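Peer 1: This is the content of input_11.pdb (PDB, C-alpha atoms, pLDDT in the B column):
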```pdb
ATOM      1  CA  MET Q   1       0.000   0.000   0.000  1.00 86.00           C
ATOM      2  CA  LYS Q   2       1.455   3.344  -1.083  1.00 91.00           C
ATOM      3  CA  LEU Q   3       0.229   6.538   0.577  1.00 94.00           C
ATOM      4  CA  ILE Q   4       0.166   9.723  -1.478  1.00 94.00           C
ATOM      5  CA  ASN Q   5       0.388  13.187   0.090  1.00 94.00           C
ATOM      6  CA  VAL Q   6      -2.579  15.207  -1.195  1.00 95.00           C
ATOM      7  CA  GLY Q   7      -1.650  18.358   0.689  1.00 92.00           C
ATOM      8  CA  PHE Q   8      -1.109  19.601   4.216  1.00 94.00           C
ATOM      9  CA  GLY Q   9       0.052  16.194   5.438  1.00 92.00           C
ATOM     10  CA  ASN Q  10      -3.119  14.387   4.334  1.00 96.00           C
ATOM     11  CA  MET Q  11      -2.534  10.970   2.803  1.00 96.00           C
ATOM     12  CA  VAL Q  12      -4.596   8.794   0.464  1.00 96.00           C
ATOM     13  CA  SER Q  13      -3.953   5.198  -0.519  1.00 95.00           C
ATOM     14  CA  SER Q  14      -2.934   5.100  -4.180  1.00 94.00           C
ATOM     15  CA  ASP Q  15      -4.499   1.628  -4.454  1.00 94.00           C
ATOM     16  CA  ARG Q  16      -7.961   3.115  -3.848  1.00 96.00           C
ATOM     17  CA  LEU Q  17      -7.754   5.922  -6.432  1.00 96.00           C
ATOM     18  CA  VAL Q  18      -9.843   5.589  -9.576  1.00 97.00           C
ATOM     19  CA  ALA Q  19      -9.343   9.060 -11.087  1.00 97.00           C
ATOM     20  CA  ILE Q  20      -7.720  12.436 -10.491  1.00 97.00           C
ATOM     21  CA  VAL Q  21      -9.613  15.215 -12.273  1.00 97.00           C
ATOM     22  CA  SER Q  22      -9.908  18.981 -12.438  1.00 97.00           C
ATOM     23  CA  PRO Q  23     -12.902  20.519 -10.599  1.00 97.00           C
ATOM     24  CA  GLU Q  24     -13.840  22.874 -13.448  1.00 96.00           C
ATOM     25  CA  SER Q  25     -16.509  20.947 -15.368  1.00 97.00           C
ATOM     26  CA  ALA Q  26     -20.199  20.905 -14.477  1.00 98.00           C
ATOM     27  CA  PRO Q  27     -20.395  17.074 -14.127  1.00 98.00           C
ATOM     28  CA  ILE Q  28     -17.538  17.105 -11.592  1.00 98.00           C
ATOM     29  CA  LYS Q  29     -19.192  19.947  -9.676  1.00 98.00           C
ATOM     30  CA  ARG Q  30     -22.414  17.891  -9.544  1.00 98.00           C
ATOM     31  CA  MET Q  31     -20.445  14.862  -8.380  1.00 98.00           C
ATOM     32  CA  ILE Q  32     -18.887  16.927  -5.562  1.00 98.00           C
ATOM     33  CA  GLN Q  33     -22.305  18.241  -4.460  1.00 98.00           C
ATOM     34  CA  GLU Q  34     -23.818  14.754  -4.496  1.00 98.00           C
ATOM     35  CA  ALA Q  35     -20.914  13.410  -2.421  1.00 98.00           C
ATOM     36  CA  ARG Q  36     -21.372  16.295   0.038  1.00 98.00           C
ATOM     37  CA  ASP Q  37     -25.092  15.473   0.354  1.00 98.00           C
ATOM     38  CA  ARG Q  38     -24.322  11.761   0.957  1.00 98.00           C
ATOM     39  CA  GLY Q  39     -21.569  12.499   3.474  1.00 98.00           C
ATOM     40  CA  MET Q  40     -18.901  10.982   1.214  1.00 98.00           C
ATOM     41  CA  LEU Q  41     -16.864  14.171   0.638  1.00 98.00           C
ATOM     42  CA  VAL Q  42     -13.437  14.683   2.215  1.00 98.00           C
ATOM     43  CA  ASP Q  43     -12.241  18.283   1.961  1.00 98.00           C
ATOM     44  CA  ALA Q  44      -8.450  18.310   2.324  1.00 97.00           C
ATOM     45  CA  THR Q  45      -7.999  21.842   0.975  1.00 97.00           C
ATOM     46  CA  TYR Q  46      -7.792  23.608   4.368  1.00 95.00           C
ATOM     47  CA  GLY Q  47      -9.795  26.491   2.932  1.00 96.00           C
ATOM     48  CA  ARG Q  48      -7.663  26.859  -0.185  1.00 97.00           C
ATOM     49  CA  ARG Q  49      -8.946  26.703  -3.742  1.00 97.00           C
ATOM     50  CA  THR Q  50      -9.777  23.181  -4.961  1.00 98.00           C
ATOM     51  CA  ARG Q  51      -7.389  22.252  -7.762  1.00 97.00           C
ATOM     52  CA  ALA Q  52      -7.816  18.459  -7.915  1.00 98.00           C
ATOM     53  CA  VAL Q  53     -10.677  16.074  -7.243  1.00 98.00           C
ATOM     54  CA  LEU Q  54      -9.710  12.514  -6.331  1.00 98.00           C
ATOM     55  CA  ILE Q  55     -12.279   9.806  -6.898  1.00 98.00           C
ATOM     56  CA  THR Q  56     -11.908   6.544  -4.985  1.00 98.00           C
ATOM     57  CA  ASP Q  57     -13.270   3.058  -5.538  1.00 97.00           C
ATOM     58  CA  SER Q  58     -15.416   3.418  -2.397  1.00 97.00           C
ATOM     59  CA  ASP Q  59     -17.306   6.412  -3.937  1.00 96.00           C
ATOM     60  CA  HIS Q  60     -15.524   8.888  -1.665  1.00 98.00           C
ATOM     61  CA  ILE Q  61     -14.578  12.191  -3.262  1.00 98.00           C
ATOM     62  CA  ILE Q  62     -11.455  13.937  -1.953  1.00 98.00           C
ATOM     63  CA  LEU Q  63     -10.756  17.605  -2.653  1.00 98.00           C
ATOM     64  CA  SER Q  64      -7.119  18.710  -2.823  1.00 98.00           C
ATOM     65  CA  ALA Q  65      -5.404  22.098  -3.153  1.00 97.00           C
ATOM     66  CA  ILE Q  66      -2.633  20.516  -5.248  1.00 96.00           C
ATOM     67  CA  HIS Q  67      -2.760  20.425  -9.059  1.00 96.00           C
ATOM     68  CA  PRO Q  68      -3.926  17.138 -10.637  1.00 96.00           C
ATOM     69  CA  GLU Q  69      -0.614  16.788 -12.493  1.00 95.00           C
ATOM     70  CA  THR Q  70       1.326  16.978  -9.228  1.00 94.00           C
ATOM     71  CA  VAL Q  71      -0.863  14.344  -7.580  1.00 94.00           C
ATOM     72  CA  GLY Q  72      -0.503  12.171 -10.688  1.00 93.00           C
ATOM     73  CA  HIS Q  73       3.278  12.416 -10.521  1.00 92.00           C
ATOM     74  CA  ARG Q  74       3.174  11.400  -6.868  1.00 91.00           C
ATOM     75  CA  VAL Q  75       1.012   8.380  -7.680  1.00 92.00           C
ATOM     76  CA  ALA Q  76       3.382   7.389 -10.492  1.00 89.00           C
ATOM     77  CA  GLY Q  77       6.363   7.777  -8.160  1.00 84.00           C
ATOM     78  CA  LYS Q  78       7.999  10.426 -10.341  1.00 72.00           C
ATOM     79  CA  ASP Q  79       8.166  13.005  -7.561  1.00 55.00           C
ATOM     80  CA  ALA Q  80      11.628  12.852  -5.980  1.00 44.00           C
ATOM     81  CA  ILE Q  81      10.346  14.280  -2.699  1.00 45.00           C
ATOM     82  CA  VAL Q  82       6.901  12.762  -2.155  1.00 43.00           C
ATOM     83  CA  GLY Q  83       6.252  14.779   0.993  1.00 49.00           C
ATOM     84  CA  SER Q  84       6.818  18.186  -0.608  1.00 49.00           C
ATOM     85  CA  GLU Q  85       3.835  20.320  -1.461  1.00 51.00           C
ATOM     86  CA  VAL Q  86       3.616  22.425  -4.579  1.00 49.00           C
ATOM     87  CA  LEU Q  87       1.072  25.141  -3.925  1.00 48.00           C
ATOM     88  CA  GLU Q  88       0.799  28.177  -6.158  1.00 48.00           C
ATOM     89  CA  GLU Q  89      -0.884  31.457  -5.380  1.00 45.00           C
ATOM     90  CA  ASP Q  90      -4.583  31.633  -6.247  1.00 44.00           C
ATOM     91  CA  GLU Q  91      -5.055  32.741  -9.820  1.00 42.00           C
ATOM     92  CA  GLU Q  92      -8.072  34.883  -8.975  1.00 37.00           C
TER      93      GLU Q  92
END
```
Please re-express this file's structure in structure tokens.
Peer 2:
Amino acid sequence: MKLINVGFGNMVSSDRLVAIVSPESAPIKRMIQEARDRGMLVDATYGRRTRAVLITDSDHIILSAIHPETVGHRVAGKDAIVGSEVLEEDEE
């Protein structure tokens, strides 16, 4: 079992991940709202802007403040320092 840092010291099992997607599209926004209504949403953003949505095989939805590409690199093991966090300033 490999644990992936999804920001602020929060870890997710890479074995349970189904997809890592951007939160921009309407279907993903609906999926987040439905998970919130069912109590299956884990918000690991610590109040920051959501940049990645992680979908697990148990129908849990995890929100992360780290870019999807960064999380993907961590899952693939391409990140030299797995514990480091790459957070950019809000683009608003």
Peer 1: On this structure, which residues satisfy the PyMOL selection byres ((chain Q and resi 43) around 6), written as an MDAnalysis selection string?
Peer 2: chainID Q and resid 42 44:45 62:63
Peer 1: Could you tell me how far CA of Ile20 in chain Q lies from CA of Ile55 in chain Q, in Å and to one decimal?
Peer 2: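 Computing it gives 6.4 Å between the two atoms.
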Peer 1: Take CA of Met31 in chain Q and CA of Gly9 in chain Q and report the distance between them in Å, one decimal.
Peer 2: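 Separating CA of Met31 in chain Q from CA of Gly9 in chain Q is a distance of 24.8 Å.
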Peer 1: Neighbours of Leu3 in chain Q within 8 Å (all atoms listed in the file; same-chain residues fewer than 5 positions away dropped), as an MDAnalysis selection string?
Peer 2: chainID Q and resid 11:14
Peer 1: Please determine, counting only C-alpha atoms, which residue among Q:Gly72, Q:Gly77, Q:Pro27, Q:Gly7 has the shortest atom-to-atom distance to Arg49 in chain Q.
Peer 2: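 Closest candidate: Q:Gly7.
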Peer 1: Using all atoms listed in the file, determine which residues lie at most 12 Å from Glu69 in chain Q, disregarding the query and same-chain residues fewer than 5 positions distant; provide the list as number ranges by chain.
Peer 2: Q: 6, 19-22, 51-54, 64, 74-76, 78-79, 86
Peer 1: May I ask which of the residues Q:Glu34, Q:Asp15, Q:Phe8, Q:Tyr46 is the closest one to Asp59 in chain Q, counting all atoms listed in the file?
Peer 2: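 Of Q:Glu34, Q:Asp15, Q:Phe8, Q:Tyr46, the one nearest Asp59 in chain Q, counting all atoms listed in the file, is Q:Glu34.
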